[in-house]
Each structure stands twice: as structure tokens, then as C-alpha cells.
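Peer 1: A single structure is presented below for examination.
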Amino acid sequence: MDINNKARIHWACRRGMRELDISIMPFFEHDYDALSEEDKRVFVRLLECDDPDLFNWLMNHGKPADAELARMVQLIQQRNQERGPVAL
């Protein structure tokens, strides 16, 4: 997926599982544009993972074996925590 095709990335962020939407969508909307090109690539790679894995990682029920993906999960969690609760 092209890291500059924001419409496609936005669509990939919509997972259909409320817990994932609450974690991923605000990060994309508020933080994606400020990411480095490399971090954008890592974020897109994260979106290519299966929903059960994403859910487990974002809810702290394990972490990805891939260090870059683990760092991105941690960044998403950190930024979302700093921003506070979001209403969807």
C-alpha cells in the first residue's frame, strides 16, 4: 500500500472492531502526517496484520515479534493515552 494514499490507508484503519477503531483511527487522524516516511511504512505494515493480533497487541496481551511493529504499537498506545478518551 502506498504510504501517500491517505484515503486507502484511512479505509484500512477501519477494522470493524470497536476496540481497534478506537485505537487506530485517532492515531491515524492526529499523528500519521507527522510520522517519518519510515514510520509511515511501519504503520502500513501494522495495518496488514490480522485483527486478532492487532487487538492483542494494542490491548497489551502480547507484542509483535517484529521490533518495528512493537515500537509502532507502543507509539500508538502512548499517543492515544496522551490524547485521552475518544468518542466514536
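Ligands are numbered from 1 in the order shown, chains are lettered A, B, ... in the order of the C-alpha cells, and residues start at 1 in each chain.
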Could you pull out the residues in chain A that DSSP calls helix (DSSP H, G or I) from the backbone, as a PDB file with N, CA, C and O atoms, in the first residue's frame?
Peer 2:
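For reference, out_29.pdb as written:
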```
ATOM      1  N   LYS A   6      -3.608   8.429   1.359  1.00  0.00           N
ATOM      2  CA  LYS A   6      -4.266   8.529   2.662  1.00  0.00           C
ATOM      3  C   LYS A   6      -5.683   7.965   2.656  1.00  0.00           C
ATOM      4  O   LYS A   6      -6.123   7.420   3.659  1.00  0.00           O
ATOM      5  N   ALA A   7      -6.370   8.066   1.554  1.00  0.00           N
ATOM      6  CA  ALA A   7      -7.734   7.520   1.504  1.00  0.00           C
ATOM      7  C   ALA A   7      -7.710   6.006   1.686  1.00  0.00           C
ATOM      8  O   ALA A   7      -8.529   5.441   2.418  1.00  0.00           O
ATOM      9  N   ARG A   8      -6.776   5.369   1.056  1.00  0.00           N
ATOM     10  CA  ARG A   8      -6.665   3.908   1.169  1.00  0.00           C
ATOM     11  C   ARG A   8      -6.220   3.495   2.578  1.00  0.00           C
ATOM     12  O   ARG A   8      -6.706   2.511   3.142  1.00  0.00           O
ATOM     13  N   ILE A   9      -5.294   4.242   3.148  1.00  0.00           N
ATOM     14  CA  ILE A   9      -4.824   3.941   4.496  1.00  0.00           C
ATOM     15  C   ILE A   9      -5.964   4.166   5.495  1.00  0.00           C
ATOM     16  O   ILE A   9      -6.173   3.363   6.406  1.00  0.00           O
ATOM     17  N   HIS A  10      -6.700   5.255   5.296  1.00  0.00           N
ATOM     18  CA  HIS A  10      -7.851   5.542   6.160  1.00  0.00           C
ATOM     19  C   HIS A  10      -8.832   4.368   6.122  1.00  0.00           C
ATOM     20  O   HIS A  10      -9.330   3.926   7.162  1.00  0.00           O
ATOM     21  N   TRP A  11      -9.095   3.858   4.947  1.00  0.00           N
ATOM     22  CA  TRP A  11     -10.000   2.707   4.805  1.00  0.00           C
ATOM     23  C   TRP A  11      -9.433   1.486   5.525  1.00  0.00           C
ATOM     24  O   TRP A  11     -10.162   0.763   6.210  1.00  0.00           O
ATOM     25  N   ALA A  12      -8.132   1.262   5.429  1.00  0.00           N
ATOM     26  CA  ALA A  12      -7.503   0.108   6.079  1.00  0.00           C
ATOM     27  C   ALA A  12      -7.535   0.243   7.606  1.00  0.00           C
ATOM     28  O   ALA A  12      -7.494  -0.760   8.320  1.00  0.00           O
ATOM     29  N   CYS A  13      -7.626   1.470   8.104  1.00  0.00           N
ATOM     30  CA  CYS A  13      -7.700   1.697   9.556  1.00  0.00           C
ATOM     31  C   CYS A  13      -9.044   1.264  10.119  1.00  0.00           C
ATOM     32  O   CYS A  13      -9.149   0.944  11.296  1.00  0.00           O
ATOM     33  N   ARG A  18     -14.744  -2.379  17.418  1.00  0.00           N
ATOM     34  CA  ARG A  18     -14.738  -1.089  18.118  1.00  0.00           C
ATOM     35  C   ARG A  18     -13.410  -0.801  18.836  1.00  0.00           C
ATOM     36  O   ARG A  18     -12.880   0.300  18.748  1.00  0.00           O
ATOM     37  N   GLU A  19     -12.881  -1.785  19.530  1.00  0.00           N
ATOM     38  CA  GLU A  19     -11.634  -1.580  20.272  1.00  0.00           C
ATOM     39  C   GLU A  19     -10.482  -1.194  19.344  1.00  0.00           C
ATOM     40  O   GLU A  19      -9.656  -0.357  19.700  1.00  0.00           O
ATOM     41  N   LEU A  20     -10.444  -1.806  18.169  1.00  0.00           N
ATOM     42  CA  LEU A  20      -9.384  -1.456  17.215  1.00  0.00           C
ATOM     43  C   LEU A  20      -9.636  -0.079  16.603  1.00  0.00           C
ATOM     44  O   LEU A  20      -8.708   0.704  16.442  1.00  0.00           O
ATOM     45  N   ASP A  21     -10.887   0.200  16.263  1.00  0.00           N
ATOM     46  CA  ASP A  21     -11.210   1.507  15.694  1.00  0.00           C
ATOM     47  C   ASP A  21     -10.852   2.625  16.669  1.00  0.00           C
ATOM     48  O   ASP A  21     -10.334   3.665  16.270  1.00  0.00           O
ATOM     49  N   ILE A  22     -11.116   2.418  17.950  1.00  0.00           N
ATOM     50  CA  ILE A  22     -10.821   3.430  18.971  1.00  0.00           C
ATOM     51  C   ILE A  22      -9.312   3.633  19.121  1.00  0.00           C
ATOM     52  O   ILE A  22      -8.862   4.723  19.467  1.00  0.00           O
ATOM     53  N   SER A  23      -8.530   2.625  18.849  1.00  0.00           N
ATOM     54  CA  SER A  23      -7.077   2.739  18.962  1.00  0.00           C
ATOM     55  C   SER A  23      -6.425   3.270  17.690  1.00  0.00           C
ATOM     56  O   SER A  23      -5.560   4.144  17.747  1.00  0.00           O
ATOM     57  N   ILE A  24      -6.835   2.744  16.557  1.00  0.00           N
ATOM     58  CA  ILE A  24      -6.134   3.031  15.306  1.00  0.00           C
ATOM     59  C   ILE A  24      -6.586   4.330  14.646  1.00  0.00           C
ATOM     60  O   ILE A  24      -5.759   5.117  14.186  1.00  0.00           O
ATOM     61  N   MET A  25      -7.888   4.578  14.589  1.00  0.00           N
ATOM     62  CA  MET A  25      -8.393   5.755  13.864  1.00  0.00           C
ATOM     63  C   MET A  25      -7.884   7.080  14.443  1.00  0.00           C
ATOM     64  O   MET A  25      -7.413   7.925  13.674  1.00  0.00           O
ATOM     65  N   PRO A  26      -7.957   7.293  15.757  1.00  0.00           N
ATOM     66  CA  PRO A  26      -7.448   8.575  16.274  1.00  0.00           C
ATOM     67  C   PRO A  26      -5.955   8.770  15.991  1.00  0.00           C
ATOM     68  O   PRO A  26      -5.518   9.878  15.679  1.00  0.00           O
ATOM     69  N   PHE A  27      -5.184   7.693  16.096  1.00  0.00           N
ATOM     70  CA  PHE A  27      -3.758   7.801  15.798  1.00  0.00           C
ATOM     71  C   PHE A  27      -3.564   8.224  14.346  1.00  0.00           C
ATOM     72  O   PHE A  27      -2.769   9.126  14.056  1.00  0.00           O
ATOM     73  N   PHE A  28      -4.283   7.586  13.439  1.00  0.00           N
ATOM     74  CA  PHE A  28      -4.162   7.949  12.028  1.00  0.00           C
ATOM     75  C   PHE A  28      -4.565   9.410  11.805  1.00  0.00           C
ATOM     76  O   PHE A  28      -3.844  10.165  11.149  1.00  0.00           O
ATOM     77  N   GLU A  29      -5.687   9.803  12.359  1.00  0.00           N
ATOM     78  CA  GLU A  29      -6.208  11.149  12.138  1.00  0.00           C
ATOM     79  C   GLU A  29      -5.325  12.239  12.737  1.00  0.00           C
ATOM     80  O   GLU A  29      -5.186  13.309  12.156  1.00  0.00           O
ATOM     81  N   HIS A  30      -4.723  11.977  13.892  1.00  0.00           N
ATOM     82  CA  HIS A  30      -3.964  13.014  14.586  1.00  0.00           C
ATOM     83  C   HIS A  30      -2.449  12.925  14.398  1.00  0.00           C
ATOM     84  O   HIS A  30      -1.764  13.944  14.539  1.00  0.00           O
ATOM     85  N   ASP A  31      -1.926  11.746  14.133  1.00  0.00           N
ATOM     86  CA  ASP A  31      -0.476  11.566  14.173  1.00  0.00           C
ATOM     87  C   ASP A  31       0.176  11.108  12.867  1.00  0.00           C
ATOM     88  O   ASP A  31       1.383  11.260  12.713  1.00  0.00           O
ATOM     89  N   TYR A  32      -0.596  10.538  11.959  1.00  0.00           N
ATOM     90  CA  TYR A  32       0.007   9.941  10.765  1.00  0.00           C
ATOM     91  C   TYR A  32       0.845  10.940   9.971  1.00  0.00           C
ATOM     92  O   TYR A  32       1.978  10.636   9.587  1.00  0.00           O
ATOM     93  N   ASP A  33       0.308  12.117   9.721  1.00  0.00           N
ATOM     94  CA  ASP A  33       1.010  13.087   8.881  1.00  0.00           C
ATOM     95  C   ASP A  33       2.358  13.497   9.451  1.00  0.00           C
ATOM     96  O   ASP A  33       3.270  13.849   8.691  1.00  0.00           O
ATOM     97  N   ALA A  34       2.513  13.449  10.765  1.00  0.00           N
ATOM     98  CA  ALA A  34       3.767  13.862  11.401  1.00  0.00           C
ATOM     99  C   ALA A  34       4.810  12.744  11.447  1.00  0.00           C
ATOM    100  O   ALA A  34       5.965  12.997  11.805  1.00  0.00           O
ATOM    101  N   GLU A  37       8.789   9.021   6.992  1.00  0.00           N
ATOM    102  CA  GLU A  37       8.443   8.108   5.890  1.00  0.00           C
ATOM    103  C   GLU A  37       8.589   6.656   6.340  1.00  0.00           C
ATOM    104  O   GLU A  37       7.748   5.819   6.025  1.00  0.00           O
ATOM    105  N   GLU A  38       9.639   6.371   7.089  1.00  0.00           N
ATOM    106  CA  GLU A  38       9.857   5.002   7.570  1.00  0.00           C
ATOM    107  C   GLU A  38       8.757   4.585   8.539  1.00  0.00           C
ATOM    108  O   GLU A  38       8.246   3.473   8.466  1.00  0.00           O
ATOM    109  N   ASP A  39       8.380   5.467   9.453  1.00  0.00           N
ATOM    110  CA  ASP A  39       7.312   5.132  10.389  1.00  0.00           C
ATOM    111  C   ASP A  39       5.973   4.963   9.684  1.00  0.00           C
ATOM    112  O   ASP A  39       5.161   4.137  10.087  1.00  0.00           O
ATOM    113  N   LYS A  40       5.756   5.719   8.619  1.00  0.00           N
ATOM    114  CA  LYS A  40       4.530   5.523   7.828  1.00  0.00           C
ATOM    115  C   LYS A  40       4.518   4.128   7.227  1.00  0.00           C
ATOM    116  O   LYS A  40       3.495   3.452   7.222  1.00  0.00           O
ATOM    117  N   ARG A  41       5.662   3.678   6.739  1.00  0.00           N
ATOM    118  CA  ARG A  41       5.753   2.322   6.177  1.00  0.00           C
ATOM    119  C   ARG A  41       5.480   1.269   7.258  1.00  0.00           C
ATOM    120  O   ARG A  41       4.800   0.278   7.008  1.00  0.00           O
ATOM    121  N   VAL A  42       6.009   1.484   8.451  1.00  0.00           N
ATOM    122  CA  VAL A  42       5.790   0.543   9.548  1.00  0.00           C
ATOM    123  C   VAL A  42       4.312   0.536   9.938  1.00  0.00           C
ATOM    124  O   VAL A  42       3.729  -0.532  10.166  1.00  0.00           O
ATOM    125  N   PHE A  43       3.687   1.707   9.994  1.00  0.00           N
ATOM    126  CA  PHE A  43       2.263   1.787  10.323  1.00  0.00           C
ATOM    127  C   PHE A  43       1.437   1.020   9.290  1.00  0.00           C
ATOM    128  O   PHE A  43       0.536   0.247   9.653  1.00  0.00           O
ATOM    129  N   VAL A  44       1.748   1.186   8.024  1.00  0.00           N
ATOM    130  CA  VAL A  44       1.023   0.465   6.970  1.00  0.00           C
ATOM    131  C   VAL A  44       1.251  -1.039   7.107  1.00  0.00           C
ATOM    132  O   VAL A  44       0.322  -1.826   6.952  1.00  0.00           O
ATOM    133  N   ARG A  45       2.473  -1.440   7.442  1.00  0.00           N
ATOM    134  CA  ARG A  45       2.730  -2.869   7.677  1.00  0.00           C
ATOM    135  C   ARG A  45       1.894  -3.387   8.837  1.00  0.00           C
ATOM    136  O   ARG A  45       1.375  -4.501   8.801  1.00  0.00           O
ATOM    137  N   LEU A  46       1.752  -2.574   9.872  1.00  0.00           N
ATOM    138  CA  LEU A  46       0.937  -2.963  11.019  1.00  0.00           C
ATOM    139  C   LEU A  46      -0.508  -3.176  10.591  1.00  0.00           C
ATOM    140  O   LEU A  46      -1.157  -4.127  11.025  1.00  0.00           O
ATOM    141  N   LEU A  47      -1.009  -2.310   9.725  1.00  0.00           N
ATOM    142  CA  LEU A  47      -2.387  -2.440   9.248  1.00  0.00           C
ATOM    143  C   LEU A  47      -2.606  -3.716   8.445  1.00  0.00           C
ATOM    144  O   LEU A  47      -3.736  -4.171   8.307  1.00  0.00           O
ATOM    145  N   ASP A  51      -6.604  -8.872  12.473  1.00  0.00           N
ATOM    146  CA  ASP A  51      -7.305  -8.193  13.559  1.00  0.00           C
ATOM    147  C   ASP A  51      -7.053  -8.817  14.935  1.00  0.00           C
ATOM    148  O   ASP A  51      -6.824  -8.085  15.901  1.00  0.00           O
ATOM    149  N   PRO A  52      -7.100 -10.150  15.071  1.00  0.00           N
ATOM    150  CA  PRO A  52      -6.850 -10.717  16.405  1.00  0.00           C
ATOM    151  C   PRO A  52      -5.465 -10.347  16.949  1.00  0.00           C
ATOM    152  O   PRO A  52      -5.315 -10.068  18.138  1.00  0.00           O
ATOM    153  N   ASP A  53      -4.471 -10.319  16.068  1.00  0.00           N
ATOM    154  CA  ASP A  53      -3.126  -9.928  16.503  1.00  0.00           C
ATOM    155  C   ASP A  53      -3.113  -8.463  16.916  1.00  0.00           C
ATOM    156  O   ASP A  53      -2.583  -8.114  17.976  1.00  0.00           O
ATOM    157  N   LEU A  54      -3.685  -7.595  16.078  1.00  0.00           N
ATOM    158  CA  LEU A  54      -3.742  -6.170  16.415  1.00  0.00           C
ATOM    159  C   LEU A  54      -4.444  -5.946  17.747  1.00  0.00           C
ATOM    160  O   LEU A  54      -3.979  -5.178  18.587  1.00  0.00           O
ATOM    161  N   PHE A  55      -5.559  -6.612  17.925  1.00  0.00           N
ATOM    162  CA  PHE A  55      -6.311  -6.483  19.170  1.00  0.00           C
ATOM    163  C   PHE A  55      -5.437  -6.866  20.365  1.00  0.00           C
ATOM    164  O   PHE A  55      -5.350  -6.120  21.350  1.00  0.00           O
ATOM    165  N   ASN A  56      -4.811  -8.019  20.287  1.00  0.00           N
ATOM    166  CA  ASN A  56      -3.969  -8.482  21.396  1.00  0.00           C
ATOM    167  C   ASN A  56      -2.835  -7.508  21.687  1.00  0.00           C
ATOM    168  O   ASN A  56      -2.570  -7.179  22.844  1.00  0.00           O
ATOM    169  N   TRP A  57      -2.171  -7.045  20.656  1.00  0.00           N
ATOM    170  CA  TRP A  57      -1.044  -6.138  20.850  1.00  0.00           C
ATOM    171  C   TRP A  57      -1.488  -4.797  21.443  1.00  0.00           C
ATOM    172  O   TRP A  57      -0.884  -4.312  22.381  1.00  0.00           O
ATOM    173  N   LEU A  58      -2.547  -4.237  20.888  1.00  0.00           N
ATOM    174  CA  LEU A  58      -2.998  -2.917  21.341  1.00  0.00           C
ATOM    175  C   LEU A  58      -3.643  -2.958  22.722  1.00  0.00           C
ATOM    176  O   LEU A  58      -3.684  -1.948  23.424  1.00  0.00           O
ATOM    177  N   ALA A  67      10.376  -6.082  15.902  1.00  0.00           N
ATOM    178  CA  ALA A  67      10.692  -4.929  16.761  1.00  0.00           C
ATOM    179  C   ALA A  67      10.087  -3.630  16.238  1.00  0.00           C
ATOM    180  O   ALA A  67       9.645  -2.793  17.032  1.00  0.00           O
ATOM    181  N   GLU A  68      10.050  -3.437  14.928  1.00  0.00           N
ATOM    182  CA  GLU A  68       9.464  -2.217  14.370  1.00  0.00           C
ATOM    183  C   GLU A  68       7.966  -2.152  14.646  1.00  0.00           C
ATOM    184  O   GLU A  68       7.440  -1.102  14.997  1.00  0.00           O
ATOM    185  N   LEU A  69       7.285  -3.277  14.473  1.00  0.00           N
ATOM    186  CA  LEU A  69       5.849  -3.301  14.747  1.00  0.00           C
ATOM    187  C   LEU A  69       5.586  -3.091  16.239  1.00  0.00           C
ATOM    188  O   LEU A  69       4.644  -2.377  16.607  1.00  0.00           O
ATOM    189  N   ALA A  70       6.422  -3.672  17.084  1.00  0.00           N
ATOM    190  CA  ALA A  70       6.263  -3.492  18.528  1.00  0.00           C
ATOM    191  C   ALA A  70       6.441  -2.020  18.904  1.00  0.00           C
ATOM    192  O   ALA A  70       5.694  -1.474  19.719  1.00  0.00           O
ATOM    193  N   ARG A  71       7.403  -1.361  18.277  1.00  0.00           N
ATOM    194  CA  ARG A  71       7.626   0.058  18.527  1.00  0.00           C
ATOM    195  C   ARG A  71       6.428   0.884  18.075  1.00  0.00           C
ATOM    196  O   ARG A  71       5.995   1.815  18.766  1.00  0.00           O
ATOM    197  N   MET A  72       5.837   0.529  16.940  1.00  0.00           N
ATOM    198  CA  MET A  72       4.679   1.267  16.434  1.00  0.00           C
ATOM    199  C   MET A  72       3.466   1.063  17.342  1.00  0.00           C
ATOM    200  O   MET A  72       2.734   2.010  17.619  1.00  0.00           O
ATOM    201  N   VAL A  73       3.262  -0.154  17.817  1.00  0.00           N
ATOM    202  CA  VAL A  73       2.165  -0.416  18.762  1.00  0.00           C
ATOM    203  C   VAL A  73       2.352   0.450  19.997  1.00  0.00           C
ATOM    204  O   VAL A  73       1.411   1.091  20.476  1.00  0.00           O
ATOM    205  N   GLN A  74       3.573   0.503  20.510  1.00  0.00           N
ATOM    206  CA  GLN A  74       3.855   1.308  21.694  1.00  0.00           C
ATOM    207  C   GLN A  74       3.609   2.796  21.411  1.00  0.00           C
ATOM    208  O   GLN A  74       3.057   3.511  22.249  1.00  0.00           O
ATOM    209  N   LEU A  75       3.987   3.264  20.242  1.00  0.00           N
ATOM    210  CA  LEU A  75       3.767   4.659  19.872  1.00  0.00           C
ATOM    211  C   LEU A  75       2.270   4.980  19.795  1.00  0.00           C
ATOM    212  O   LEU A  75       1.820   6.008  20.302  1.00  0.00           O
ATOM    213  N   ILE A  76       1.505   4.088  19.198  1.00  0.00           N
ATOM    214  CA  ILE A  76       0.051   4.275  19.111  1.00  0.00           C
ATOM    215  C   ILE A  76      -0.546   4.352  20.514  1.00  0.00           C
ATOM    216  O   ILE A  76      -1.333   5.249  20.815  1.00  0.00           O
ATOM    217  N   GLN A  77      -0.160   3.428  21.368  1.00  0.00           N
ATOM    218  CA  GLN A  77      -0.681   3.420  22.732  1.00  0.00           C
ATOM    219  C   GLN A  77      -0.301   4.706  23.476  1.00  0.00           C
ATOM    220  O   GLN A  77      -1.129   5.309  24.158  1.00  0.00           O
ATOM    221  N   GLN A  78       0.929   5.130  23.317  1.00  0.00           N
ATOM    222  CA  GLN A  78       1.411   6.331  24.002  1.00  0.00           C
ATOM    223  C   GLN A  78       0.665   7.580  23.530  1.00  0.00           C
ATOM    224  O   GLN A  78       0.180   8.358  24.341  1.00  0.00           O
ATOM    225  N   ARG A  79       0.561   7.743  22.217  1.00  0.00           N
ATOM    226  CA  ARG A  79      -0.108   8.935  21.688  1.00  0.00           C
ATOM    227  C   ARG A  79      -1.584   8.950  22.060  1.00  0.00           C
ATOM    228  O   ARG A  79      -2.134   9.990  22.388  1.00  0.00           O
ATOM    229  N   ASN A  80      -2.230   7.802  22.013  1.00  0.00           N
ATOM    230  CA  ASN A  80      -3.637   7.741  22.372  1.00  0.00           C
ATOM    231  C   ASN A  80      -3.838   8.037  23.859  1.00  0.00           C
ATOM    232  O   ASN A  80      -4.806   8.698  24.239  1.00  0.00           O
ATOM    233  N   GLN A  81      -2.929   7.568  24.690  1.00  0.00           N
ATOM    234  CA  GLN A  81      -3.025   7.838  26.118  1.00  0.00           C
ATOM    235  C   GLN A  81      -2.839   9.334  26.389  1.00  0.00           C
ATOM    236  O   GLN A  81      -3.567   9.914  27.195  1.00  0.00           O
ATOM    237  N   GLU A  82      -1.901   9.955  25.698  1.00  0.00           N
ATOM    238  CA  GLU A  82      -1.674  11.391  25.868  1.00  0.00           C
ATOM    239  C   GLU A  82      -2.899  12.202  25.436  1.00  0.00           C
ATOM    240  O   GLU A  82      -3.216  13.212  26.051  1.00  0.00           O
ATOM    241  N   ARG A  83      -3.570  11.735  24.406  1.00  0.00           N
ATOM    242  CA  ARG A  83      -4.723  12.437  23.857  1.00  0.00           C
ATOM    243  C   ARG A  83      -5.963  12.251  24.727  1.00  0.00           C
ATOM    244  O   ARG A  83      -6.845  13.092  24.774  1.00  0.00           O
TER     245      ARG A  83
END
```
Peer 1: Mind pulling up the distance from atom CA of A:Asn4 to atom CA of A:Ser36?
Peer 2: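 If I compute the distance from atom CA of A:Ser36 to atom CA of A:Asn4, I get 11.7 Å.
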Peer 1: So how many Å separate atom CA of A:Asp50 and atom CA of A:Arg15, to one decimal?
Peer 2: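 Separation of atom CA of A:Asp50 and atom CA of A:Arg15: 9.8 Å.
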Peer 1: Record the distance separating atom CA of A:Ile3 and atom CA of A:Cys49, expressed in Å with one decimal.
Peer 2: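 Interatomic distance here is 15.9 Å.
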Peer 1: Between A:Asp2, A:Leu35, A:Asn60, A:Glu48, which one has atoms that come closest to A:Arg14, using only C-alpha atoms?
Peer 2: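 Among the listed residues, A:Glu48 lies closest to A:Arg14.
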